[in-house]
Amino acid sequence: MMPVMGETPSYDDLAGDLTGGRTLVEAEAQGDERAVEAALRPRTLDELIGQDRVREQLSLVLEAARGRGKSPDHVLLAGPPGLGKTTLAMIIAAEMGAPLRVTSGPAIQHAGDLAAILSGLNEGDVLFMDEIHRMSRPAEEMLYMAMEDFRVDVVVGKGPGATAIPLEIPPFTLVGATTRAGLLPSPLRDRFGFTARLEFYDSAELELIVHRSARLLQVEISADGAAEIASRSRGTPRISNRLLRRVRDYAQVRSGGDIQRREAKAALKLYEVDDLGLDRLDRAVLDALCARFGGGPVGLGTLAVAVGEERETVEEVAEPFLVRSGFLARTPRGRVATATAWRHLGLRPPAGAAFPGGSGGPATLFEEDPD
Ligand SMILES: Nc1ncnc2c1ncn2[C@@H]1O[C@H](COP(=O)(O)OP(=O)(O)O)[C@@H](O)[C@H]1O
Ligand SMILES: [Mg+2]
């Protein structure tokens, strides 16, 4: 992503030298990644790995609609980036044998933009709206009406002479995707007949995904090679697929092309993704927190200065995963390292360190992984 004029370059821009744009463990899709991803997307619900509950719920919704010969209810897909929302939207259209029309919240600035899209729909179409929480307010209000009554009022003219012309919309299915379900106003949320909440994947599921992707990329991978990649993927298929591609490059250039545990470990060491999926920035944050601030508590601003990053980068890029995996806690007095963090860095916490939530005992000194 190009830095916006006048803004300080962010970690995303600066990390480019090594990874061609952003950090390797970033959960959002990166510029040139979309085409590659398209090739790895499961096409049917049966092909989808994991998310068992969502898969079963959704297959019922779709099968029932097919049985009635009607469009299924509107579906909201909620969850962090990289877990399969876009994939599921495409699957819904494919399973209904319907065309998929694609738009996104940020692309709809005015109600008129939405009216143009809606009036172009045919009966049974699936309209995918990515990042639906970023749609403008006036468009949102038009969308409520379209979802419920399959009609909209198009306002023609301005001021006292303006008139609303009602416009019929053929029955369609809206599939909305959001990483921030909490930001959706409840009238919008309530108009979805079904909300699928996607969960992070466990290692076994990610291993299956790595094996499947390797098959599609026509690269041989051993079970322990796939396990090595899966365990560093932060519960996220998009990251699994990205790490797999980097490991494939390494295996192709530096060894015979096949991926075993050895290739996976060496490649990911080269790219500075450690055995729990932490990258350089994540480790820099933990290292500053433990080595310089005795484990905290320390304020976000101070921590950001210590790692030479913007506050926002530390808060939005590094912290979510560090908090989720129990390395760091946010307390009213500041950021605090947990026993797990000390242990992961191979450090001994100071005697009498109080750990948030009382989790974990004193950490012991760990040897560096010999490989
Ligand atoms: N359940 C899954 N099984 C296999 N691959 C998946 C699964 N979920 C996601 N992926 C892969 O991960 C990548 C990102 O998925 P995507 O649907 O674009 O995520 P999102 O839209 O939630 O950010 C895609 O290449 C897709 O093939
Ligand atoms: Mg997506």
# chains A, B, ... in the order shown; residues from 1 in each chain; ligands from 1
>>> residues_near_ligand(ligand="ligand 1", cutoff="8 Å", atoms="only C-alpha atoms and all ligand atoms", output="PyMOL selection string")
chain A and resi 27-29+34+36-42+47-51+79-89+177+209+212-213+236-241
>>> write_last_selection(atoms="N, CA and C atoms", output="short mmCIF file (atom, residue, chain, number, x, y, z; two decimals), in the first residue's frame")
data_model
loop_
_atom_site.label_atom_id
_atom_site.label_comp_id
_atom_site.auth_asym_id
_atom_site.auth_seq_id
_atom_site.Cartn_x
_atom_site.Cartn_y
_atom_site.Cartn_z
N ALA A 27 -2.99 -10.57 8.23
CA ALA A 27 -4.16 -11.39 7.88
C ALA A 27 -4.94 -10.86 6.68
N GLU A 28 -4.75 -9.57 6.36
CA GLU A 28 -5.45 -9.00 5.20
C GLU A 28 -4.75 -9.46 3.92
N ALA A 29 -5.52 -9.54 2.83
CA ALA A 29 -4.92 -9.90 1.55
C ALA A 29 -4.00 -8.76 1.11
N ARG A 34 -4.56 -11.52 -4.62
CA ARG A 34 -5.93 -11.92 -4.89
C ARG A 34 -6.04 -12.98 -5.99
N VAL A 36 -3.76 -15.20 -6.85
CA VAL A 36 -3.26 -16.47 -6.33
C VAL A 36 -4.32 -17.10 -5.44
N GLU A 37 -4.96 -16.26 -4.63
CA GLU A 37 -5.96 -16.78 -3.71
C GLU A 37 -7.13 -17.40 -4.44
N ALA A 38 -7.51 -16.78 -5.55
CA ALA A 38 -8.66 -17.27 -6.30
C ALA A 38 -8.45 -18.74 -6.68
N ALA A 39 -7.21 -19.08 -7.02
CA ALA A 39 -6.91 -20.44 -7.44
C ALA A 39 -7.02 -21.43 -6.29
N LEU A 40 -6.90 -20.95 -5.05
CA LEU A 40 -6.89 -21.86 -3.90
C LEU A 40 -8.24 -21.91 -3.18
N ARG A 41 -9.21 -21.17 -3.67
CA ARG A 41 -10.50 -21.10 -2.97
C ARG A 41 -11.32 -22.36 -3.15
N PRO A 42 -11.81 -22.94 -2.05
CA PRO A 42 -12.77 -24.03 -2.19
C PRO A 42 -14.01 -23.53 -2.94
N GLU A 47 -16.13 -28.84 -0.02
CA GLU A 47 -14.69 -28.66 -0.18
C GLU A 47 -14.09 -27.80 0.93
N LEU A 48 -14.96 -27.02 1.58
CA LEU A 48 -14.50 -26.11 2.64
C LEU A 48 -14.02 -26.92 3.84
N ILE A 49 -12.87 -26.54 4.37
CA ILE A 49 -12.31 -27.27 5.52
C ILE A 49 -12.62 -26.48 6.80
N GLY A 50 -13.02 -27.20 7.85
CA GLY A 50 -13.29 -26.55 9.14
C GLY A 50 -14.61 -25.79 9.15
N GLN A 51 -14.81 -24.93 10.15
CA GLN A 51 -16.05 -24.15 10.30
C GLN A 51 -17.27 -25.08 10.24
N GLY A 79 -16.34 -12.03 10.96
CA GLY A 79 -15.13 -12.64 11.50
C GLY A 79 -13.89 -11.92 11.03
N PRO A 80 -12.76 -12.19 11.69
CA PRO A 80 -11.49 -11.55 11.35
C PRO A 80 -11.07 -11.83 9.90
N PRO A 81 -10.14 -11.05 9.36
CA PRO A 81 -9.70 -11.25 7.98
C PRO A 81 -9.06 -12.61 7.77
N GLY A 82 -9.21 -13.14 6.57
CA GLY A 82 -8.47 -14.34 6.16
C GLY A 82 -9.08 -15.65 6.57
N LEU A 83 -10.32 -15.63 7.12
CA LEU A 83 -10.92 -16.88 7.60
C LEU A 83 -11.90 -17.49 6.60
N GLY A 84 -12.20 -16.80 5.50
CA GLY A 84 -13.04 -17.44 4.48
C GLY A 84 -14.35 -16.74 4.16
N LYS A 85 -14.48 -15.46 4.47
CA LYS A 85 -15.75 -14.77 4.20
C LYS A 85 -16.00 -14.64 2.70
N THR A 86 -15.02 -14.15 1.95
CA THR A 86 -15.19 -14.01 0.51
C THR A 86 -15.41 -15.39 -0.13
N THR A 87 -14.66 -16.36 0.35
CA THR A 87 -14.82 -17.73 -0.14
C THR A 87 -16.25 -18.21 0.05
N LEU A 88 -16.80 -17.99 1.24
CA LEU A 88 -18.16 -18.43 1.52
C LEU A 88 -19.19 -17.71 0.65
N ALA A 89 -18.96 -16.43 0.40
CA ALA A 89 -19.90 -15.68 -0.45
C ALA A 89 -19.95 -16.32 -1.85
N ALA A 177 -20.28 -9.05 4.32
CA ALA A 177 -19.12 -9.53 5.09
C ALA A 177 -18.60 -8.38 5.93
N ILE A 209 -5.72 -27.75 5.17
CA ILE A 209 -5.74 -26.66 4.19
C ILE A 209 -4.39 -26.57 3.48
N ARG A 212 -4.14 -29.37 1.00
CA ARG A 212 -4.99 -29.13 -0.17
C ARG A 212 -4.35 -28.08 -1.08
N SER A 213 -3.86 -26.99 -0.49
CA SER A 213 -3.24 -25.93 -1.30
C SER A 213 -1.98 -26.45 -2.01
N THR A 236 -5.19 -18.86 10.79
CA THR A 236 -5.75 -18.15 9.65
C THR A 236 -5.33 -18.79 8.31
N PRO A 237 -6.28 -19.32 7.55
CA PRO A 237 -5.94 -19.97 6.27
C PRO A 237 -5.17 -19.07 5.31
N ARG A 238 -5.53 -17.77 5.26
CA ARG A 238 -4.80 -16.90 4.33
C ARG A 238 -3.31 -16.90 4.66
N ILE A 239 -2.96 -16.89 5.95
CA ILE A 239 -1.55 -16.90 6.34
C ILE A 239 -0.92 -18.25 6.01
N SER A 240 -1.65 -19.35 6.24
CA SER A 240 -1.14 -20.68 5.85
C SER A 240 -0.75 -20.70 4.39
N ASN A 241 -1.65 -20.20 3.54
CA ASN A 241 -1.39 -20.23 2.11
C ASN A 241 -0.19 -19.36 1.74
#
>>> atom_distance(atom1="CA of Leu281 in chain A", atom2="CA of Val307 in chain A")
8.0 Å
>>> residues_around(residues="Ala266 in chain A", least_positions_apart="2", cutoff="12 Å", atoms="only C-alpha atoms", output="ChimeraX atom specification")
/A:225,228-229,246-251,254-255,259-264,268-275,369-371
>>> write_last_selection(atoms="N, CA and C atoms", output="mmCIF file, in the first residue's frame")
data_model
loop_
_atom_site.group_PDB
_atom_site.id
_atom_site.type_symbol
_atom_site.label_atom_id
_atom_site.label_comp_id
_atom_site.auth_asym_id
_atom_site.auth_seq_id
_atom_site.Cartn_x
_atom_site.Cartn_y
_atom_site.Cartn_z
ATOM 1 N N GLY A 225 6.009 -31.297 7.378
ATOM 2 C CA GLY A 225 6.168 -29.998 6.712
ATOM 3 C C GLY A 225 4.894 -29.181 6.812
ATOM 4 N N GLU A 228 4.336 -27.955 10.350
ATOM 5 C CA GLU A 228 5.215 -26.830 10.687
ATOM 6 C C GLU A 228 4.605 -25.506 10.195
ATOM 7 N N ILE A 229 4.072 -25.517 8.982
ATOM 8 C CA ILE A 229 3.456 -24.304 8.435
ATOM 9 C C ILE A 229 2.166 -23.975 9.190
ATOM 10 N N ARG A 246 5.853 -19.122 0.311
ATOM 11 C CA ARG A 246 7.241 -18.746 0.576
ATOM 12 C C ARG A 246 8.107 -19.989 0.811
ATOM 13 N N VAL A 247 7.550 -20.983 1.508
ATOM 14 C CA VAL A 247 8.316 -22.200 1.757
ATOM 15 C C VAL A 247 8.541 -22.950 0.438
ATOM 16 N N ARG A 248 7.525 -22.922 -0.421
ATOM 17 C CA ARG A 248 7.674 -23.559 -1.731
ATOM 18 C C ARG A 248 8.830 -22.921 -2.507
ATOM 19 N N ASP A 249 8.916 -21.595 -2.494
ATOM 20 C CA ASP A 249 10.017 -20.903 -3.189
ATOM 21 C C ASP A 249 11.362 -21.384 -2.655
ATOM 22 N N TYR A 250 11.431 -21.441 -1.329
ATOM 23 C CA TYR A 250 12.687 -21.840 -0.695
ATOM 24 C C TYR A 250 13.066 -23.252 -1.127
ATOM 25 N N ALA A 251 12.091 -24.159 -1.055
ATOM 26 C CA ALA A 251 12.363 -25.556 -1.394
ATOM 27 C C ALA A 251 12.792 -25.676 -2.858
ATOM 28 N N ARG A 254 16.459 -23.806 -3.006
ATOM 29 C CA ARG A 254 17.559 -24.259 -2.145
ATOM 30 C C ARG A 254 17.636 -25.770 -1.965
ATOM 31 N N SER A 255 16.553 -26.502 -2.323
ATOM 32 C CA SER A 255 16.657 -27.970 -2.219
ATOM 33 C C SER A 255 15.898 -28.589 -3.371
ATOM 34 N N ILE A 259 8.707 -30.288 -0.016
ATOM 35 C CA ILE A 259 8.737 -29.628 1.293
ATOM 36 C C ILE A 259 8.665 -30.659 2.412
ATOM 37 N N GLN A 260 9.727 -30.716 3.201
ATOM 38 C CA GLN A 260 9.726 -31.494 4.436
ATOM 39 C C GLN A 260 9.824 -30.483 5.573
ATOM 40 N N ARG A 261 9.835 -31.026 6.786
ATOM 41 C CA ARG A 261 9.924 -30.150 7.952
ATOM 42 C C ARG A 261 11.155 -29.236 7.879
ATOM 43 N N ARG A 262 12.261 -29.795 7.392
ATOM 44 C CA ARG A 262 13.515 -29.052 7.335
ATOM 45 C C ARG A 262 13.390 -27.789 6.471
ATOM 46 N N GLU A 263 12.794 -27.941 5.286
ATOM 47 C CA GLU A 263 12.621 -26.794 4.386
ATOM 48 C C GLU A 263 11.696 -25.762 5.021
ATOM 49 N N ALA A 264 10.605 -26.259 5.628
ATOM 50 C CA ALA A 264 9.638 -25.333 6.226
ATOM 51 C C ALA A 264 10.296 -24.516 7.333
ATOM 52 N N LEU A 268 11.032 -20.423 7.055
ATOM 53 C CA LEU A 268 10.324 -19.514 7.945
ATOM 54 C C LEU A 268 11.283 -18.822 8.908
ATOM 55 N N LYS A 269 12.402 -19.457 9.163
ATOM 56 C CA LYS A 269 13.437 -18.779 9.952
ATOM 57 C C LYS A 269 13.992 -17.605 9.147
ATOM 58 N N LEU A 270 14.229 -17.860 7.858
ATOM 59 C CA LEU A 270 14.725 -16.804 6.975
ATOM 60 C C LEU A 270 13.767 -15.620 6.929
ATOM 61 N N TYR A 271 12.478 -15.911 6.905
ATOM 62 C CA TYR A 271 11.481 -14.840 6.841
ATOM 63 C C TYR A 271 11.082 -14.320 8.217
ATOM 64 N N GLU A 272 11.755 -14.790 9.244
ATOM 65 C CA GLU A 272 11.553 -14.284 10.606
ATOM 66 C C GLU A 272 10.147 -14.499 11.135
ATOM 67 N N VAL A 273 9.556 -15.637 10.771
ATOM 68 C CA VAL A 273 8.286 -16.025 11.375
ATOM 69 C C VAL A 273 8.623 -17.148 12.346
ATOM 70 N N ASP A 274 8.421 -16.916 13.627
ATOM 71 C CA ASP A 274 8.912 -17.916 14.578
ATOM 72 C C ASP A 274 7.933 -19.072 14.768
ATOM 73 N N ASP A 275 8.260 -19.995 15.671
ATOM 74 C CA ASP A 275 7.489 -21.239 15.717
ATOM 75 C C ASP A 275 6.067 -21.064 16.234
ATOM 76 N N ASP A 369 16.037 -23.173 20.000
ATOM 77 C CA ASP A 369 15.786 -24.357 19.165
ATOM 78 C C ASP A 369 17.063 -24.689 18.382
ATOM 79 N N PRO A 370 17.583 -25.920 18.535
ATOM 80 C CA PRO A 370 18.859 -26.265 17.888
ATOM 81 C C PRO A 370 18.820 -26.205 16.354
ATOM 82 N N ASP A 371 17.661 -26.451 15.715
ATOM 83 C CA ASP A 371 17.690 -26.396 14.236
ATOM 84 C C ASP A 371 17.784 -24.957 13.772
#
>>> closest_residue(among="A:Ile221, A:Leu188, A:Ile92, A:Ala196", to="Asp52 in chain A", atoms="only C-alpha atoms")
A:Ala196
>>> select_by_dssp(residues="range 16-222 of chain A", states="strand (DSSP E or B)", output="PDB file with N, CA and C atoms, in the first residue's frame")
ATOM      1  N   VAL A  75     -27.590 -13.176   4.182  1.00  0.00           N
ATOM      2  CA  VAL A  75     -26.603 -13.814   5.058  1.00  0.00           C
ATOM      3  C   VAL A  75     -25.515 -12.807   5.435  1.00  0.00           C
ATOM      4  N   LEU A  76     -25.210 -12.749   6.724  1.00  0.00           N
ATOM      5  CA  LEU A  76     -24.095 -11.915   7.181  1.00  0.00           C
ATOM      6  C   LEU A  76     -22.934 -12.822   7.593  1.00  0.00           C
ATOM      7  N   LEU A  77     -21.756 -12.562   7.045  1.00  0.00           N
ATOM      8  CA  LEU A  77     -20.560 -13.324   7.395  1.00  0.00           C
ATOM      9  C   LEU A  77     -19.669 -12.431   8.254  1.00  0.00           C
ATOM     10  N   ALA A  78     -19.443 -12.848   9.490  1.00  0.00           N
ATOM     11  CA  ALA A  78     -18.699 -12.000  10.417  1.00  0.00           C
ATOM     12  C   ALA A  78     -17.463 -12.732  10.906  1.00  0.00           C
ATOM     13  N   LEU A 100     -22.919 -14.091  -9.023  1.00  0.00           N
ATOM     14  CA  LEU A 100     -22.484 -13.305  -7.870  1.00  0.00           C
ATOM     15  C   LEU A 100     -22.120 -11.903  -8.341  1.00  0.00           C
ATOM     16  N   ARG A 101     -22.771 -10.918  -7.763  1.00  0.00           N
ATOM     17  CA  ARG A 101     -22.389  -9.531  -8.034  1.00  0.00           C
ATOM     18  C   ARG A 101     -21.599  -9.051  -6.849  1.00  0.00           C
ATOM     19  N   VAL A 102     -20.483  -8.372  -7.091  1.00  0.00           N
ATOM     20  CA  VAL A 102     -19.590  -8.001  -6.004  1.00  0.00           C
ATOM     21  C   VAL A 102     -19.471  -6.485  -5.852  1.00  0.00           C
ATOM     22  N   THR A 103     -19.643  -6.021  -4.620  1.00  0.00           N
ATOM     23  CA  THR A 103     -19.366  -4.616  -4.334  1.00  0.00           C
ATOM     24  C   THR A 103     -18.824  -4.533  -2.912  1.00  0.00           C
ATOM     25  N   SER A 104     -18.584  -3.311  -2.439  1.00  0.00           N
ATOM     26  CA  SER A 104     -18.082  -3.196  -1.071  1.00  0.00           C
ATOM     27  C   SER A 104     -18.583  -1.912  -0.429  1.00  0.00           C
ATOM     28  N   VAL A 126     -27.057 -13.144  -6.297  1.00  0.00           N
ATOM     29  CA  VAL A 126     -26.453 -12.983  -4.979  1.00  0.00           C
ATOM     30  C   VAL A 126     -25.572 -11.730  -5.042  1.00  0.00           C
ATOM     31  N   LEU A 127     -25.875 -10.772  -4.162  1.00  0.00           N
ATOM     32  CA  LEU A 127     -25.076  -9.542  -4.113  1.00  0.00           C
ATOM     33  C   LEU A 127     -24.146  -9.617  -2.913  1.00  0.00           C
ATOM     34  N   PHE A 128     -22.834  -9.640  -3.187  1.00  0.00           N
ATOM     35  CA  PHE A 128     -21.848  -9.709  -2.113  1.00  0.00           C
ATOM     36  C   PHE A 128     -21.360  -8.310  -1.785  1.00  0.00           C
ATOM     37  N   MET A 129     -21.564  -7.888  -0.558  1.00  0.00           N
ATOM     38  CA  MET A 129     -21.055  -6.588  -0.147  1.00  0.00           C
ATOM     39  C   MET A 129     -20.005  -6.773   0.943  1.00  0.00           C
ATOM     40  N   ASP A 130     -18.739  -6.604   0.542  1.00  0.00           N
ATOM     41  CA  ASP A 130     -17.623  -6.772   1.459  1.00  0.00           C
ATOM     42  C   ASP A 130     -17.529  -5.520   2.335  1.00  0.00           C
ATOM     43  N   ARG A 151     -37.719  -3.045  -2.568  1.00  0.00           N
ATOM     44  CA  ARG A 151     -37.942  -1.816  -3.323  1.00  0.00           C
ATOM     45  C   ARG A 151     -37.127  -0.706  -2.670  1.00  0.00           C
ATOM     46  N   VAL A 152     -36.851   0.346  -3.440  1.00  0.00           N
ATOM     47  CA  VAL A 152     -36.162   1.507  -2.880  1.00  0.00           C
ATOM     48  C   VAL A 152     -36.859   2.761  -3.386  1.00  0.00           C
ATOM     49  N   ASP A 153     -36.671   3.852  -2.659  1.00  0.00           N
ATOM     50  CA  ASP A 153     -37.157   5.143  -3.128  1.00  0.00           C
ATOM     51  C   ASP A 153     -35.974   5.924  -3.663  1.00  0.00           C
ATOM     52  N   VAL A 154     -36.019   6.208  -4.948  1.00  0.00           N
ATOM     53  CA  VAL A 154     -34.950   6.990  -5.544  1.00  0.00           C
ATOM     54  C   VAL A 154     -35.378   8.453  -5.546  1.00  0.00           C
ATOM     55  N   VAL A 155     -34.563   9.279  -4.922  1.00  0.00           N
ATOM     56  CA  VAL A 155     -34.907  10.703  -4.836  1.00  0.00           C
ATOM     57  C   VAL A 155     -34.372  11.420  -6.072  1.00  0.00           C
ATOM     58  N   VAL A 156     -35.301  12.077  -6.760  1.00  0.00           N
ATOM     59  CA  VAL A 156     -34.916  12.816  -7.954  1.00  0.00           C
ATOM     60  C   VAL A 156     -35.050  14.308  -7.679  1.00  0.00           C
ATOM     61  N   THR A 163     -38.537  14.710  -5.532  1.00  0.00           N
ATOM     62  CA  THR A 163     -39.585  13.696  -5.395  1.00  0.00           C
ATOM     63  C   THR A 163     -38.939  12.313  -5.257  1.00  0.00           C
ATOM     64  N   ALA A 164     -39.639  11.441  -4.516  1.00  0.00           N
ATOM     65  CA  ALA A 164     -39.149  10.081  -4.349  1.00  0.00           C
ATOM     66  C   ALA A 164     -39.886   9.162  -5.319  1.00  0.00           C
ATOM     67  N   ILE A 165     -39.132   8.487  -6.159  1.00  0.00           N
ATOM     68  CA  ILE A 165     -39.755   7.560  -7.102  1.00  0.00           C
ATOM     69  C   ILE A 165     -39.509   6.138  -6.617  1.00  0.00           C
ATOM     70  N   PRO A 166     -40.581   5.398  -6.309  1.00  0.00           N
ATOM     71  CA  PRO A 166     -40.367   4.019  -5.845  1.00  0.00           C
ATOM     72  C   PRO A 166     -39.890   3.125  -6.999  1.00  0.00           C
ATOM     73  N   LEU A 167     -38.957   2.244  -6.660  1.00  0.00           N
ATOM     74  CA  LEU A 167     -38.377   1.374  -7.676  1.00  0.00           C
ATOM     75  C   LEU A 167     -38.404  -0.062  -7.153  1.00  0.00           C
ATOM     76  N   GLU A 168     -39.007  -0.955  -7.929  1.00  0.00           N
ATOM     77  CA  GLU A 168     -39.059  -2.371  -7.527  1.00  0.00           C
ATOM     78  C   GLU A 168     -37.707  -3.048  -7.771  1.00  0.00           C
ATOM     79  N   THR A 173     -30.456 -12.111  -2.924  1.00  0.00           N
ATOM     80  CA  THR A 173     -29.876 -12.423  -1.615  1.00  0.00           C
ATOM     81  C   THR A 173     -28.661 -11.537  -1.390  1.00  0.00           C
ATOM     82  N   LEU A 174     -28.687 -10.797  -0.288  1.00  0.00           N
ATOM     83  CA  LEU A 174     -27.524 -10.010   0.074  1.00  0.00           C
ATOM     84  C   LEU A 174     -26.625 -10.857   0.963  1.00  0.00           C
ATOM     85  N   VAL A 175     -25.358 -10.949   0.593  1.00  0.00           N
ATOM     86  CA  VAL A 175     -24.367 -11.557   1.479  1.00  0.00           C
ATOM     87  C   VAL A 175     -23.424 -10.440   1.912  1.00  0.00           C
ATOM     88  N   GLY A 176     -23.482 -10.086   3.177  1.00  0.00           N
ATOM     89  CA  GLY A 176     -22.617  -9.026   3.702  1.00  0.00           C
ATOM     90  C   GLY A 176     -21.442  -9.654   4.427  1.00  0.00           C
ATOM     91  N   ALA A 177     -20.278  -9.048   4.317  1.00  0.00           N
ATOM     92  CA  ALA A 177     -19.124  -9.525   5.087  1.00  0.00           C
ATOM     93  C   ALA A 177     -18.602  -8.381   5.926  1.00  0.00           C
ATOM     94  N   THR A 178     -18.220  -8.696   7.154  1.00  0.00           N
ATOM     95  CA  THR A 178     -17.665  -7.662   8.028  1.00  0.00           C
ATOM     96  C   THR A 178     -16.658  -8.241   9.016  1.00  0.00           C
ATOM     97  N   PHE A 194     -29.639 -14.883   8.590  1.00  0.00           N
ATOM     98  CA  PHE A 194     -28.671 -15.807   9.160  1.00  0.00           C
ATOM     99  C   PHE A 194     -27.312 -15.116   9.268  1.00  0.00           C
ATOM    100  N   THR A 195     -26.702 -15.211  10.447  1.00  0.00           N
ATOM    101  CA  THR A 195     -25.363 -14.657  10.641  1.00  0.00           C
ATOM    102  C   THR A 195     -24.386 -15.791  10.911  1.00  0.00           C
ATOM    103  N   ALA A 196     -23.369 -15.887  10.074  1.00  0.00           N
ATOM    104  CA  ALA A 196     -22.336 -16.901  10.270  1.00  0.00           C
ATOM    105  C   ALA A 196     -21.138 -16.234  10.927  1.00  0.00           C
ATOM    106  N   ARG A 197     -20.782 -16.722  12.109  1.00  0.00           N
ATOM    107  CA  ARG A 197     -19.588 -16.185  12.786  1.00  0.00           C
ATOM    108  C   ARG A 197     -18.433 -17.144  12.570  1.00  0.00           C
ATOM    109  N   ILE A 221       4.418 -32.171  -0.264  1.00  0.00           N
ATOM    110  CA  ILE A 221       4.699 -31.722   1.102  1.00  0.00           C
ATOM    111  C   ILE A 221       4.479 -32.878   2.060  1.00  0.00           C
TER     112      ILE A 221
END
>>> atom_distance(atom1="CA of Pro138 in chain A", atom2="CA of Gly124 in chain A")
25.1 Å
>>> closest_residue(among="A:Ala98, A:Ile108, A:Ile169, A:Ile132", to="ligand 2", atoms="only C-alpha atoms and all ligand atoms")
A:Ile132
